[in-house]
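Undergrad: Structure file work_0.txt, compact mmCIF, C-alpha atoms, is pasted below:
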```
# COMPACT_ATOMS: atom_id res chain seq x y z
CA MET A 1 17.82 -28.17 13.46
CA PRO A 2 16.47 -26.13 16.41
CA ARG A 3 15.04 -28.27 19.18
CA TYR A 4 11.61 -28.63 20.76
CA PRO A 5 10.84 -29.77 24.31
CA GLU A 6 10.80 -33.57 24.48
CA HIS A 7 7.11 -33.77 25.41
CA LEU A 8 6.18 -32.18 22.05
CA THR A 9 8.33 -34.31 19.77
CA GLY A 10 5.99 -37.31 19.68
CA GLU A 11 2.37 -37.14 18.68
CA GLY A 12 1.91 -34.54 21.39
CA PRO A 13 -1.33 -32.89 22.49
CA VAL A 14 -4.08 -32.36 19.93
CA ASN A 15 -6.66 -29.58 20.09
CA PRO A 16 -9.76 -31.30 21.52
CA PHE A 17 -12.07 -28.46 20.42
CA PRO A 18 -11.29 -27.35 16.86
CA GLY A 19 -14.66 -25.59 16.67
CA ILE A 20 -17.64 -25.39 14.39
CA LYS A 21 -15.97 -23.19 11.74
CA VAL A 22 -13.25 -25.78 11.24
CA LEU A 23 -15.82 -28.59 11.15
CA GLU A 24 -17.95 -26.76 8.57
CA ARG A 25 -14.91 -26.36 6.29
CA ARG A 26 -14.09 -30.06 6.66
CA LEU A 27 -17.66 -31.03 5.80
CA GLY A 28 -18.01 -28.43 3.07
CA ARG A 29 -21.38 -27.20 4.34
CA ALA A 30 -22.95 -25.09 7.06
CA ILE A 31 -24.26 -26.55 10.33
CA PRO A 32 -27.32 -24.43 11.18
CA HIS A 33 -28.35 -26.22 14.38
CA GLN A 34 -25.57 -25.71 16.94
CA LEU A 35 -26.56 -27.80 19.94
CA GLY A 36 -23.21 -29.11 21.13
CA SER A 37 -20.82 -26.31 22.05
CA ASN A 38 -22.54 -25.08 25.23
CA GLU A 39 -22.41 -21.44 24.09
CA GLY A 40 -25.01 -18.93 25.23
CA LEU A 41 -26.55 -18.75 21.79
CA ASP A 42 -30.02 -17.74 23.02
CA MET A 43 -28.85 -14.91 25.28
CA PRO A 44 -30.96 -11.84 24.29
CA HIS A 45 -28.06 -9.41 24.77
CA GLN A 46 -30.44 -6.47 25.02
CA ALA A 47 -28.00 -4.34 27.02
CA LEU A 48 -25.13 -5.19 24.67
CA ARG A 49 -27.22 -4.36 21.61
CA GLU A 50 -28.35 -1.04 23.07
CA HIS A 51 -24.81 -0.08 23.94
CA PHE A 52 -22.90 -1.32 20.88
CA GLY A 53 -25.48 -2.30 18.26
CA ASP A 54 -26.63 -5.54 16.69
CA ALA A 55 -23.48 -6.01 14.59
CA LEU A 56 -21.25 -6.42 17.62
CA ALA A 57 -23.74 -8.58 19.48
CA ALA A 58 -23.84 -10.99 16.55
CA HIS A 59 -20.15 -11.78 17.11
CA ALA A 60 -20.47 -12.20 20.86
CA TYR A 61 -22.42 -15.46 20.96
CA GLY A 62 -20.04 -18.07 19.65
CA TYR A 63 -16.38 -19.01 19.75
CA GLY A 64 -14.18 -17.64 16.99
CA ASP A 65 -12.64 -19.64 14.18
CA ALA A 66 -9.72 -21.48 15.84
CA GLU A 67 -7.88 -21.54 12.50
CA ALA A 68 -8.58 -17.86 11.65
CA PHE A 69 -9.28 -18.89 8.06
CA GLY A 70 -10.57 -15.51 6.88
CA VAL A 71 -7.75 -13.48 8.40
CA ARG A 72 -5.06 -15.86 7.16
CA THR A 73 -6.57 -15.85 3.66
CA ARG A 74 -6.41 -12.06 3.54
CA LEU A 75 -2.91 -11.90 5.00
CA SER A 76 -1.68 -14.50 2.55
CA ALA A 77 -3.02 -12.50 -0.39
CA GLN A 78 -1.64 -9.18 0.84
CA LEU A 79 1.77 -10.38 1.99
CA GLY A 80 2.44 -13.02 -0.63
CA THR A 81 3.03 -15.50 2.20
CA PRO A 82 1.68 -19.05 1.73
CA PHE A 83 -1.46 -19.70 3.76
CA ASP A 84 0.11 -22.59 5.66
CA HIS A 85 3.02 -20.38 6.76
CA LEU A 86 0.68 -18.21 8.87
CA LEU A 87 -0.69 -18.64 12.40
CA VAL A 88 -2.99 -16.08 14.05
CA ASP A 89 -3.07 -15.48 17.79
CA ALA A 90 -3.99 -12.83 20.36
CA GLY A 91 -1.34 -10.25 19.52
CA ALA A 92 2.45 -10.32 19.51
CA ASP A 93 2.58 -10.77 23.29
CA SER A 94 0.55 -13.95 23.10
CA LEU A 95 2.74 -15.15 20.23
CA ILE A 96 5.90 -14.56 22.29
CA ALA A 97 4.46 -16.71 25.07
CA LEU A 98 3.37 -19.33 22.55
CA ALA A 99 6.78 -19.44 20.90
CA LEU A 100 8.49 -19.92 24.26
CA ARG A 101 6.00 -22.64 25.22
CA THR A 102 6.69 -24.40 21.92
CA THR A 103 10.47 -24.24 22.01
CA CYS A 104 11.64 -24.09 25.65
CA GLU A 105 11.21 -26.20 28.74
CA PRO A 106 11.96 -24.86 32.25
CA GLY A 107 15.69 -24.37 32.66
CA ALA A 108 16.37 -23.67 29.00
CA THR A 109 18.66 -20.70 28.29
CA VAL A 110 17.31 -17.82 26.22
CA VAL A 111 19.08 -14.64 25.11
CA CYS A 112 17.86 -11.10 24.44
CA THR A 113 19.27 -7.57 24.60
CA ALA A 114 19.16 -6.00 28.07
CA GLY A 115 16.38 -3.41 28.00
CA THR A 116 14.65 -4.58 24.83
CA TYR A 117 10.89 -5.24 24.86
CA PRO A 118 10.55 -6.39 28.49
CA THR A 119 7.54 -8.64 27.92
CA PHE A 120 9.87 -11.24 26.42
CA GLY A 121 11.89 -11.46 29.63
CA TYR A 122 8.67 -11.49 31.66
CA PHE A 123 7.36 -14.53 29.79
CA ALA A 124 10.77 -16.24 29.69
CA LYS A 125 11.17 -16.00 33.45
CA GLY A 126 7.58 -17.12 33.97
CA GLN A 127 8.39 -20.19 31.88
CA GLY A 128 11.37 -20.93 34.14
CA CYS A 129 13.95 -20.08 31.49
CA ARG A 130 17.46 -18.82 32.25
CA LEU A 131 17.74 -15.32 30.76
CA ILE A 132 21.05 -13.97 29.39
CA GLU A 133 21.05 -10.27 28.43
CA PRO A 134 23.95 -8.70 26.51
CA GLY A 135 23.86 -4.90 26.40
CA TYR A 136 22.97 -2.54 23.57
CA HIS A 137 25.58 -1.16 21.22
CA GLU A 138 25.75 2.57 21.99
CA ALA A 139 27.49 5.24 19.91
CA PRO A 140 26.72 8.79 18.74
CA GLY A 141 23.35 8.54 16.99
CA VAL A 142 23.13 4.79 17.64
CA LEU A 143 21.32 2.63 20.18
CA ALA A 144 21.03 -0.84 18.68
CA PRO A 145 20.85 -4.47 19.75
CA ASP A 146 24.34 -5.92 19.41
CA LEU A 147 23.91 -8.87 17.05
CA GLU A 148 27.44 -10.15 17.52
CA ALA A 149 26.96 -10.14 21.29
CA LEU A 150 23.66 -12.00 20.95
CA ALA A 151 25.27 -14.67 18.77
CA ALA A 152 28.28 -15.00 21.06
CA ALA A 153 26.05 -15.40 24.13
CA ALA A 154 23.96 -18.02 22.35
CA GLN A 155 27.06 -20.01 21.46
CA GLN A 156 28.69 -19.70 24.88
CA GLU A 157 25.53 -20.51 26.84
CA ASN A 158 24.12 -23.17 24.50
CA ALA A 159 20.94 -21.13 24.19
CA ARG A 160 17.66 -22.64 23.03
CA LEU A 161 16.29 -19.32 21.71
CA VAL A 162 17.40 -15.77 20.89
CA TYR A 163 14.87 -12.93 20.85
CA LEU A 164 15.33 -9.88 18.63
CA ALA A 165 12.88 -7.06 17.95
CA ASN A 166 13.49 -5.61 14.49
CA PRO A 167 12.74 -2.71 14.28
CA ASP A 168 13.76 -2.56 17.91
CA ASN A 169 11.49 -1.55 20.73
CA PRO A 170 12.43 0.69 22.51
CA SER A 171 15.30 2.15 20.45
CA GLY A 172 13.62 2.17 17.01
CA HIS A 173 16.78 0.80 15.37
CA LEU A 174 16.40 -1.27 12.19
CA HIS A 175 18.83 -4.03 11.25
CA SER A 176 19.08 -4.90 7.56
CA ASP A 177 17.76 -8.16 6.13
CA SER A 178 21.33 -9.28 5.46
CA ALA A 179 22.20 -8.67 9.12
CA ILE A 180 19.27 -10.87 10.18
CA ILE A 181 20.44 -13.67 7.88
CA LYS A 182 23.99 -13.31 9.22
CA LEU A 183 22.69 -13.52 12.80
CA ARG A 184 20.71 -16.67 12.03
CA LYS A 185 23.83 -18.30 10.55
CA ALA A 186 25.88 -17.31 13.60
CA LEU A 187 23.51 -19.00 16.06
CA PRO A 188 23.88 -22.64 17.09
CA ASP A 189 22.01 -25.01 14.80
CA THR A 190 19.90 -26.10 17.77
CA CYS A 191 18.88 -22.52 18.67
CA TRP A 192 15.76 -20.68 17.52
CA LEU A 193 15.60 -17.04 16.45
CA LEU A 194 12.39 -15.36 17.62
CA LEU A 195 12.15 -12.30 15.37
CA ASP A 196 9.62 -9.77 16.66
CA GLU A 197 8.59 -7.56 13.73
CA ALA A 198 5.71 -5.75 15.43
CA TYR A 199 6.85 -2.44 13.92
CA GLY A 200 7.76 -3.83 10.50
CA ASP A 201 4.90 -2.02 8.76
CA PHE A 202 6.73 1.28 9.35
CA ARG A 203 9.89 0.19 7.53
CA ASP A 204 10.48 1.99 4.25
CA ASP A 205 10.80 -1.44 2.59
CA ALA A 206 7.75 -2.97 4.27
CA GLY A 207 6.12 -5.53 2.01
CA SER A 208 9.36 -6.73 0.45
CA ALA A 209 9.73 -10.29 -0.73
CA PHE A 210 12.09 -11.02 2.17
CA SER A 211 9.50 -9.89 4.71
CA ALA A 212 7.00 -12.44 3.37
CA ASN A 213 9.26 -15.47 3.70
CA ALA A 214 9.37 -18.14 6.37
CA LEU A 215 13.02 -18.54 7.35
CA PRO A 216 14.48 -21.85 8.58
CA GLY A 217 15.01 -21.81 12.32
CA VAL A 218 13.13 -18.52 12.68
CA ILE A 219 9.70 -17.65 14.08
CA ARG A 220 8.63 -14.22 12.83
CA LEU A 221 5.99 -12.28 14.77
CA ARG A 222 3.74 -9.49 13.50
CA THR A 223 0.83 -7.54 14.96
CA LEU A 224 -2.28 -5.68 13.85
CA SER A 225 -1.96 -3.38 16.88
CA LYS A 226 0.15 -0.61 15.32
CA ALA A 227 -0.38 0.02 11.62
CA HIS A 228 -3.88 -1.49 11.72
CA GLY A 229 -4.98 0.22 14.95
CA LEU A 230 -6.41 -2.90 16.63
CA ALA A 231 -4.37 -2.99 19.85
CA GLY A 232 -7.49 -3.19 21.99
CA LEU A 233 -8.77 -6.25 20.15
CA ARG A 234 -5.56 -8.29 20.48
CA ILE A 235 -4.60 -9.96 17.23
CA GLY A 236 -1.32 -10.75 15.53
CA TYR A 237 0.29 -13.48 13.48
CA ALA A 238 3.40 -15.59 13.12
CA ILE A 239 5.23 -16.52 9.93
CA ALA A 240 7.16 -19.80 10.07
CA GLU A 241 7.55 -23.08 8.25
CA PRO A 242 4.42 -25.29 8.42
CA ALA A 243 6.13 -27.92 10.60
CA VAL A 244 6.98 -25.23 13.15
CA LEU A 245 3.44 -23.86 13.18
CA ALA A 246 2.08 -27.39 13.63
CA MET A 247 4.13 -27.66 16.83
CA MET A 248 2.88 -24.27 17.99
CA MET A 249 -0.70 -25.37 17.38
CA LYS A 250 -0.17 -28.28 19.78
CA VAL A 251 0.13 -25.91 22.73
CA ARG A 252 -1.89 -22.91 21.55
CA ILE A 253 -4.98 -21.72 23.41
CA HIS A 254 -7.76 -22.72 21.01
CA TYR A 255 -9.92 -19.60 21.12
CA ALA A 256 -7.49 -16.91 22.20
CA VAL A 257 -8.80 -14.67 19.41
CA SER A 258 -12.46 -13.77 19.71
CA ALA A 259 -15.05 -13.94 16.94
CA LEU A 260 -15.44 -10.16 17.17
CA THR A 261 -11.70 -9.59 16.81
CA LEU A 262 -11.48 -11.88 13.78
CA ALA A 263 -14.42 -10.12 12.12
CA ALA A 264 -12.94 -6.68 12.81
CA ALA A 265 -9.54 -7.72 11.46
CA GLU A 266 -11.14 -8.99 8.26
CA VAL A 267 -12.86 -5.61 7.74
CA VAL A 268 -9.62 -3.69 8.29
CA LEU A 269 -7.64 -6.02 6.04
CA ASP A 270 -10.28 -5.55 3.35
CA HIS A 271 -9.39 -1.83 3.29
CA PRO A 272 -5.60 -1.74 2.86
CA GLU A 273 -5.75 1.77 1.45
CA GLU A 274 -6.79 3.04 4.90
CA VAL A 275 -3.92 1.18 6.56
CA ASN A 276 -1.44 2.45 3.98
CA GLN A 277 -2.56 6.04 4.48
CA HIS A 278 -2.28 5.69 8.24
CA VAL A 279 1.26 4.32 7.95
CA ALA A 280 2.25 7.20 5.66
CA ASP A 281 0.77 9.74 8.08
CA VAL A 282 2.56 8.17 11.05
CA LYS A 283 5.90 8.19 9.25
CA ALA A 284 5.42 11.84 8.31
CA ARG A 285 4.63 12.75 11.92
CA ARG A 286 7.59 10.70 13.13
CA GLU A 287 9.98 12.62 10.89
CA GLN A 288 8.37 15.95 11.82
CA LEU A 289 8.84 15.17 15.51
CA ALA A 290 12.40 14.01 15.00
CA GLU A 291 13.35 17.09 12.99
CA HIS A 292 11.73 19.41 15.55
CA PHE A 293 13.72 17.97 18.44
CA ARG A 294 16.92 17.75 16.43
CA SER A 295 16.56 21.47 15.72
CA LEU A 296 16.56 22.03 19.49
CA GLY A 297 19.82 20.10 19.83
CA ALA A 298 18.34 16.84 21.09
CA ASP A 299 19.97 13.45 20.57
CA VAL A 300 17.15 11.88 18.54
CA LEU A 301 17.65 8.20 17.78
CA PRO A 302 16.96 6.93 14.24
CA SER A 303 13.62 5.12 14.13
CA ALA A 304 11.84 2.78 11.72
CA THR A 305 8.78 2.53 13.99
CA ASN A 306 5.80 4.67 15.01
CA PHE A 307 7.78 6.45 17.74
CA ILE A 308 10.97 8.39 18.32
CA GLY A 309 13.47 8.04 21.13
CA ILE A 310 15.29 11.01 22.64
CA ARG A 311 18.44 10.30 24.63
CA LEU A 312 18.79 12.88 27.41
CA PRO A 313 22.06 13.62 29.22
CA SER A 314 21.08 11.83 32.43
CA GLU A 315 18.60 9.53 34.10
CA GLU A 316 17.78 12.29 36.57
CA LEU A 317 16.75 14.69 33.83
CA ALA A 318 14.68 12.01 32.07
CA THR A 319 12.95 11.16 35.35
CA HIS A 320 12.17 14.83 36.01
CA VAL A 321 10.77 15.35 32.50
CA HIS A 322 8.69 12.19 32.68
CA GLN A 323 7.19 13.05 36.07
CA GLN A 324 6.55 16.68 35.17
CA LEU A 325 4.79 15.76 31.93
CA LEU A 326 2.70 13.18 33.76
CA SER A 327 1.59 15.85 36.25
CA GLU A 328 0.44 17.86 33.22
CA GLY A 329 -1.60 14.91 31.94
CA VAL A 330 0.91 13.95 29.24
CA LEU A 331 2.19 10.38 29.19
CA VAL A 332 5.46 9.63 27.42
CA ALA A 333 7.59 6.58 28.11
CA ARG A 334 10.81 6.70 30.12
CA LEU A 335 12.66 3.47 29.61
CA ALA A 336 12.79 1.36 32.73
CA HIS A 337 16.03 -0.55 32.27
CA PRO A 338 18.92 1.12 34.16
CA ALA A 339 21.13 1.13 31.06
CA LEU A 340 18.47 3.02 29.06
CA SER A 341 16.83 5.13 31.76
CA ASN A 342 17.91 8.41 30.14
CA VAL A 343 15.79 7.73 27.04
CA ILE A 344 12.34 9.25 26.54
CA ARG A 345 10.08 7.62 23.92
CA ILE A 346 7.27 9.53 22.19
CA THR A 347 4.58 7.97 19.99
CA ALA A 348 4.11 9.81 16.70
CA VAL A 349 0.42 10.63 17.10
CA ALA A 350 -1.02 13.99 16.06
CA ASP A 351 -1.38 15.05 19.71
CA ALA A 352 2.41 15.00 20.07
CA LEU A 353 2.67 17.80 17.49
CA VAL A 354 0.29 20.21 19.24
CA PRO A 355 2.34 23.33 20.07
CA GLY A 356 3.25 23.37 23.75
CA ARG A 357 2.25 19.76 24.37
CA LEU A 358 5.86 18.76 25.09
CA ALA A 359 7.09 22.15 26.31
CA THR A 360 8.59 20.62 29.46
CA LEU A 361 10.77 18.33 27.36
CA GLU A 362 11.68 21.17 24.99
CA GLN A 363 12.77 23.33 27.91
CA ALA A 364 14.84 20.51 29.42
CA ILE A 365 16.65 20.01 26.11
CA ALA A 366 17.28 23.74 25.75
CA THR A 367 18.82 24.04 29.20
CA SER A 368 20.97 20.91 28.85
CA THR A 369 22.56 21.62 25.46
```
Translate the structure of the given file into structure tokens.

TA:
Amino acid sequence: MPRYPEHLTGEGPVNPFPGIKVLERRLGRAIPHQLGSNEGLDMPHQALREHFGDALAAHAYGYGDAEAFGVRTRLSAQLGTPFDHLLVDAGADSLIALALRTTCEPGATVVCTAGTYPTFGYFAKGQGCRLIEPGYHEAPGVLAPDLEALAAAAQQENARLVYLANPDNPSGHLHSDSAIIKLRKALPDTCWLLLDEAYGDFRDDAGSAFSANALPGVIRLRTLSKAHGLAGLRIGYAIAEPAVLAMMMKVRIHYAVSALTLAAAEVVLDHPEEVNQHVADVKARREQLAEHFRSLGADVLPSATNFIGIRLPSEELATHVHQQLLSEGVLVARLAHPALSNVIRITAVADALVPGRLATLEQAIATST
């Protein structure tokens, strides 16, 4: 069984402020006279109303539902995931920090691929963890986290947690479900697998039965930032066994997700047809971008996300392209890690397909092939 820090294994901390929404559900009735939470409930909000309208102002007064009941209810129905297997927090980044806080004390060893989503390493180091980073597996047409190397490092270093983004950010690579199960079996029994599935909505098999399941020894992370277009409002969710989520709730910030964000997420989740159409459009643009650059001779990496990666011949060329595009007012991503610094990442938005928008990159590819 994966381990928790010792200070969480007893009764542990308990949320001292569960909030009025939780209390109303426990009582089974509304509490109309809210005189105890010290919120600014009588603030006129004239400026806010004039700027954004009454609907937004109505969600600004009070704390959000600490249990995110409405969002979890909708997610449970759409995913087929049991309600008590879901925890909502302020985006995948916040969930990464929460998972580390739940599973690792300072000095614990954690493992991730060198150059993968750097926020994990940022939080791990901030927590005082020891970070081990095996490299990517690179081959023609392949840039993928090396699952065997991750498992070997976890065994050799007695790791407390292994982080894997699947689909990967920044490469776009997708490991199969069977590969994920094999990785989990290859890890030490006392080690957690933190599975970041922020881009899972763009998989061709998104919504499968496997994707809905809580896996033993695994904390799965999702976001509403990409497919649902709510990056600016900061909301995501974890899927894990109820006992794991109970431990996470011990150290979670109570009101990390605002009342406005919860309300907006409920509206978006109530219109899945809009989300589904957006995902289909993104995937079509992704393939159009990939085919365009392949036709120019570019080394386009396979992607199951909302972006494509182009591997250029050198870091120097990638740096030149990145800086030149930026001077033209076009921001693409050049990967920061030294081992990946020749890769340019492009988000599959409609603006990327405007003729001439990426002419500098097209010219660089033409002259280097």

Undergrad: Please provide as a PDB file with C-alpha atoms, in the coordinates of the input all residues within 9 Å of range 11-25 of chain A, with the sequence filter that same-chain residues fewer than 6 positions apart are discarded (counting all atoms listed in the file).

TA:
```pdb
ATOM      1  CA  ILE A  31     -24.260 -26.550  10.330  1.00  0.00           C
ATOM      2  CA  GLN A  34     -25.570 -25.710  16.940  1.00  0.00           C
ATOM      3  CA  SER A  37     -20.820 -26.310  22.050  1.00  0.00           C
ATOM      4  CA  TYR A  63     -16.380 -19.010  19.750  1.00  0.00           C
ATOM      5  CA  GLY A  64     -14.180 -17.640  16.990  1.00  0.00           C
ATOM      6  CA  ASP A  65     -12.640 -19.640  14.180  1.00  0.00           C
ATOM      7  CA  ALA A  66      -9.720 -21.480  15.840  1.00  0.00           C
ATOM      8  CA  GLU A  67      -7.880 -21.540  12.500  1.00  0.00           C
ATOM      9  CA  PHE A  69      -9.280 -18.890   8.060  1.00  0.00           C
ATOM     10  CA  MET A 247       4.130 -27.660  16.830  1.00  0.00           C
ATOM     11  CA  MET A 249      -0.700 -25.370  17.380  1.00  0.00           C
ATOM     12  CA  LYS A 250      -0.170 -28.280  19.780  1.00  0.00           C
ATOM     13  CA  VAL A 251       0.130 -25.910  22.730  1.00  0.00           C
ATOM     14  CA  ARG A 252      -1.890 -22.910  21.550  1.00  0.00           C
ATOM     15  CA  ILE A 253      -4.980 -21.720  23.410  1.00  0.00           C
ATOM     16  CA  HIS A 254      -7.760 -22.720  21.010  1.00  0.00           C
ATOM     17  CA  TYR A 255      -9.920 -19.600  21.120  1.00  0.00           C
TER      18      TYR A 255
END
```

Undergrad: Can you tell me, as a list in words, what residues are no more than 10 Å from range 316-328 of chain A when counting all atoms listed in the file, ignoring any on the same chain fewer than 4 positions away?

TA: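 That gives Ile310, Arg311, Leu312, Val332, Ala333, Arg334, Leu335, Ser341, Asn342, Val343, Ile344, Arg345, Arg357, Leu358, Ala359, Thr360, Leu361, Glu362, Gln363, Ala364, Ile365 and Ser368 of chain A.
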
Undergrad: Tell me, as an MDAnalysis selection string, which residues lie within 10 Å of range 282-297 of chain A, counting all atoms listed in the file; anything in the same chain fewer than 4 positions away does not count.

TA: chainID A and resid 202:204 227 276:278 301:310 346:350 352:353 361:363 365:366 368:369

Undergrad: Between CA of Ile235 in chain A and CA of Gly28 in chain A, what is the distance in Å, rounded to a tenth?

TA: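 Distance reported for this atom pair: 26.9 Å.
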
Undergrad: Report, in Å with one decimal, the straight-line distance from CA of Trp192 in chain A to CA of Asp89 in chain A.

TA: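 Interatomic distance here is 19.5 Å.
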
Undergrad: Nearest to Val71 in chain A among A:Gly356, A:Gly236, A:Pro167, A:Gly229, with distances taken over all atoms listed in the file: which residue is it?

TA: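 Among the listed residues, A:Gly236 lies closest to Val71 in chain A.
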
Undergrad: Could you give me, as a PyMOL selection string, the residues within 6 Å of Asp84 in chain A, counting only C-alpha atoms and dropping anything in the same chain fewer than 2 positions from it?

TA: chain A and resi 82+86+242

Undergrad: Please write the residues from the selection above to a file, keeping C-alpha atoms, as a PDB file, keeping the file's coordinate frame.

TA:
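Ended up saving to selection.pdb:
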```
ATOM      1  CA  PRO A  82       1.680 -19.050   1.730  1.00  0.00           C
ATOM      2  CA  LEU A  86       0.680 -18.210   8.870  1.00  0.00           C
ATOM      3  CA  PRO A 242       4.420 -25.290   8.420  1.00  0.00           C
TER       4      PRO A 242
END
```

Undergrad: Which residue gives the smallest distance to Ala124 in chain A among A:Ala139, A:Ala214, A:Ala154, A:Val162, with all atoms listed in the file counted?

TA: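 Closest to Ala124 in chain A of all the choices is A:Val162.
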
Undergrad: Between A:Ile96, A:Cys191, A:Ile180, A:Met43, which residue has the minimum interatomic distance to Ala58 in chain A, considering all atoms listed in the file?

TA: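 The answer is A:Met43, which sits nearest to Ala58 in chain A.
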
Undergrad: Write out all heavy atoms for range 325-332 of chain A, as a PDB file, in the frame of the given file.

TA:
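So result.pdb came out as:
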```pdb
ATOM      1  N   LEU A 325       5.791  15.920  32.988  1.00  0.00           N
ATOM      2  CA  LEU A 325       4.790  15.760  31.930  1.00  0.00           C
ATOM      3  C   LEU A 325       3.579  14.993  32.438  1.00  0.00           C
ATOM      4  O   LEU A 325       2.432  15.334  32.110  1.00  0.00           O
ATOM      5  CB  LEU A 325       5.408  15.049  30.724  1.00  0.00           C
ATOM      6  CG  LEU A 325       6.317  15.882  29.833  1.00  0.00           C
ATOM      7  CD1 LEU A 325       7.019  15.001  28.802  1.00  0.00           C
ATOM      8  CD2 LEU A 325       5.544  16.996  29.134  1.00  0.00           C
ATOM      9  N   LEU A 326       3.816  13.963  33.239  1.00  0.00           N
ATOM     10  CA  LEU A 326       2.700  13.180  33.760  1.00  0.00           C
ATOM     11  C   LEU A 326       1.801  14.050  34.632  1.00  0.00           C
ATOM     12  O   LEU A 326       0.576  13.929  34.586  1.00  0.00           O
ATOM     13  CB  LEU A 326       3.233  11.987  34.563  1.00  0.00           C
ATOM     14  CG  LEU A 326       2.220  10.913  34.948  1.00  0.00           C
ATOM     15  CD1 LEU A 326       1.529  10.339  33.719  1.00  0.00           C
ATOM     16  CD2 LEU A 326       2.907   9.799  35.736  1.00  0.00           C
ATOM     17  N   SER A 327       2.397  14.945  35.418  1.00  0.00           N
ATOM     18  CA  SER A 327       1.590  15.850  36.250  1.00  0.00           C
ATOM     19  C   SER A 327       0.761  16.801  35.403  1.00  0.00           C
ATOM     20  O   SER A 327      -0.257  17.328  35.868  1.00  0.00           O
ATOM     21  CB  SER A 327       2.504  16.639  37.190  1.00  0.00           C
ATOM     22  OG  SER A 327       3.249  17.620  36.485  1.00  0.00           O
ATOM     23  N   GLU A 328       1.183  16.997  34.145  1.00  0.00           N
ATOM     24  CA  GLU A 328       0.440  17.860  33.220  1.00  0.00           C
ATOM     25  C   GLU A 328      -0.581  17.061  32.402  1.00  0.00           C
ATOM     26  O   GLU A 328      -1.240  17.613  31.519  1.00  0.00           O
ATOM     27  CB  GLU A 328       1.430  18.550  32.277  1.00  0.00           C
ATOM     28  CG  GLU A 328       2.433  19.454  32.980  1.00  0.00           C
ATOM     29  CD  GLU A 328       3.591  19.855  32.086  1.00  0.00           C
ATOM     30  OE1 GLU A 328       3.525  19.554  30.862  1.00  0.00           O
ATOM     31  OE2 GLU A 328       4.557  20.469  32.574  1.00  0.00           O
ATOM     32  N   GLY A 329      -0.670  15.761  32.679  1.00  0.00           N
ATOM     33  CA  GLY A 329      -1.600  14.910  31.940  1.00  0.00           C
ATOM     34  C   GLY A 329      -1.053  14.401  30.630  1.00  0.00           C
ATOM     35  O   GLY A 329      -1.814  13.970  29.756  1.00  0.00           O
ATOM     36  N   VAL A 330       0.268  14.410  30.468  1.00  0.00           N
ATOM     37  CA  VAL A 330       0.910  13.950  29.240  1.00  0.00           C
ATOM     38  C   VAL A 330       1.755  12.724  29.568  1.00  0.00           C
ATOM     39  O   VAL A 330       2.685  12.800  30.387  1.00  0.00           O
ATOM     40  CB  VAL A 330       1.816  15.052  28.632  1.00  0.00           C
ATOM     41  CG1 VAL A 330       2.503  14.536  27.361  1.00  0.00           C
ATOM     42  CG2 VAL A 330       0.990  16.295  28.328  1.00  0.00           C
ATOM     43  N   LEU A 331       1.457  11.609  28.948  1.00  0.00           N
ATOM     44  CA  LEU A 331       2.190  10.380  29.190  1.00  0.00           C
ATOM     45  C   LEU A 331       3.148  10.099  28.034  1.00  0.00           C
ATOM     46  O   LEU A 331       2.717   9.857  26.909  1.00  0.00           O
ATOM     47  CB  LEU A 331       1.237   9.198  29.364  1.00  0.00           C
ATOM     48  CG  LEU A 331       1.906   7.835  29.587  1.00  0.00           C
ATOM     49  CD1 LEU A 331       2.736   7.844  30.866  1.00  0.00           C
ATOM     50  CD2 LEU A 331       0.878   6.719  29.613  1.00  0.00           C
ATOM     51  N   VAL A 332       4.439  10.162  28.317  1.00  0.00           N
ATOM     52  CA  VAL A 332       5.460   9.630  27.420  1.00  0.00           C
ATOM     53  C   VAL A 332       6.096   8.463  28.149  1.00  0.00           C
ATOM     54  O   VAL A 332       5.805   8.211  29.319  1.00  0.00           O
ATOM     55  CB  VAL A 332       6.511  10.706  27.061  1.00  0.00           C
ATOM     56  CG1 VAL A 332       5.879  11.854  26.301  1.00  0.00           C
ATOM     57  CG2 VAL A 332       7.238  11.204  28.312  1.00  0.00           C
TER      58      VAL A 332
END
```
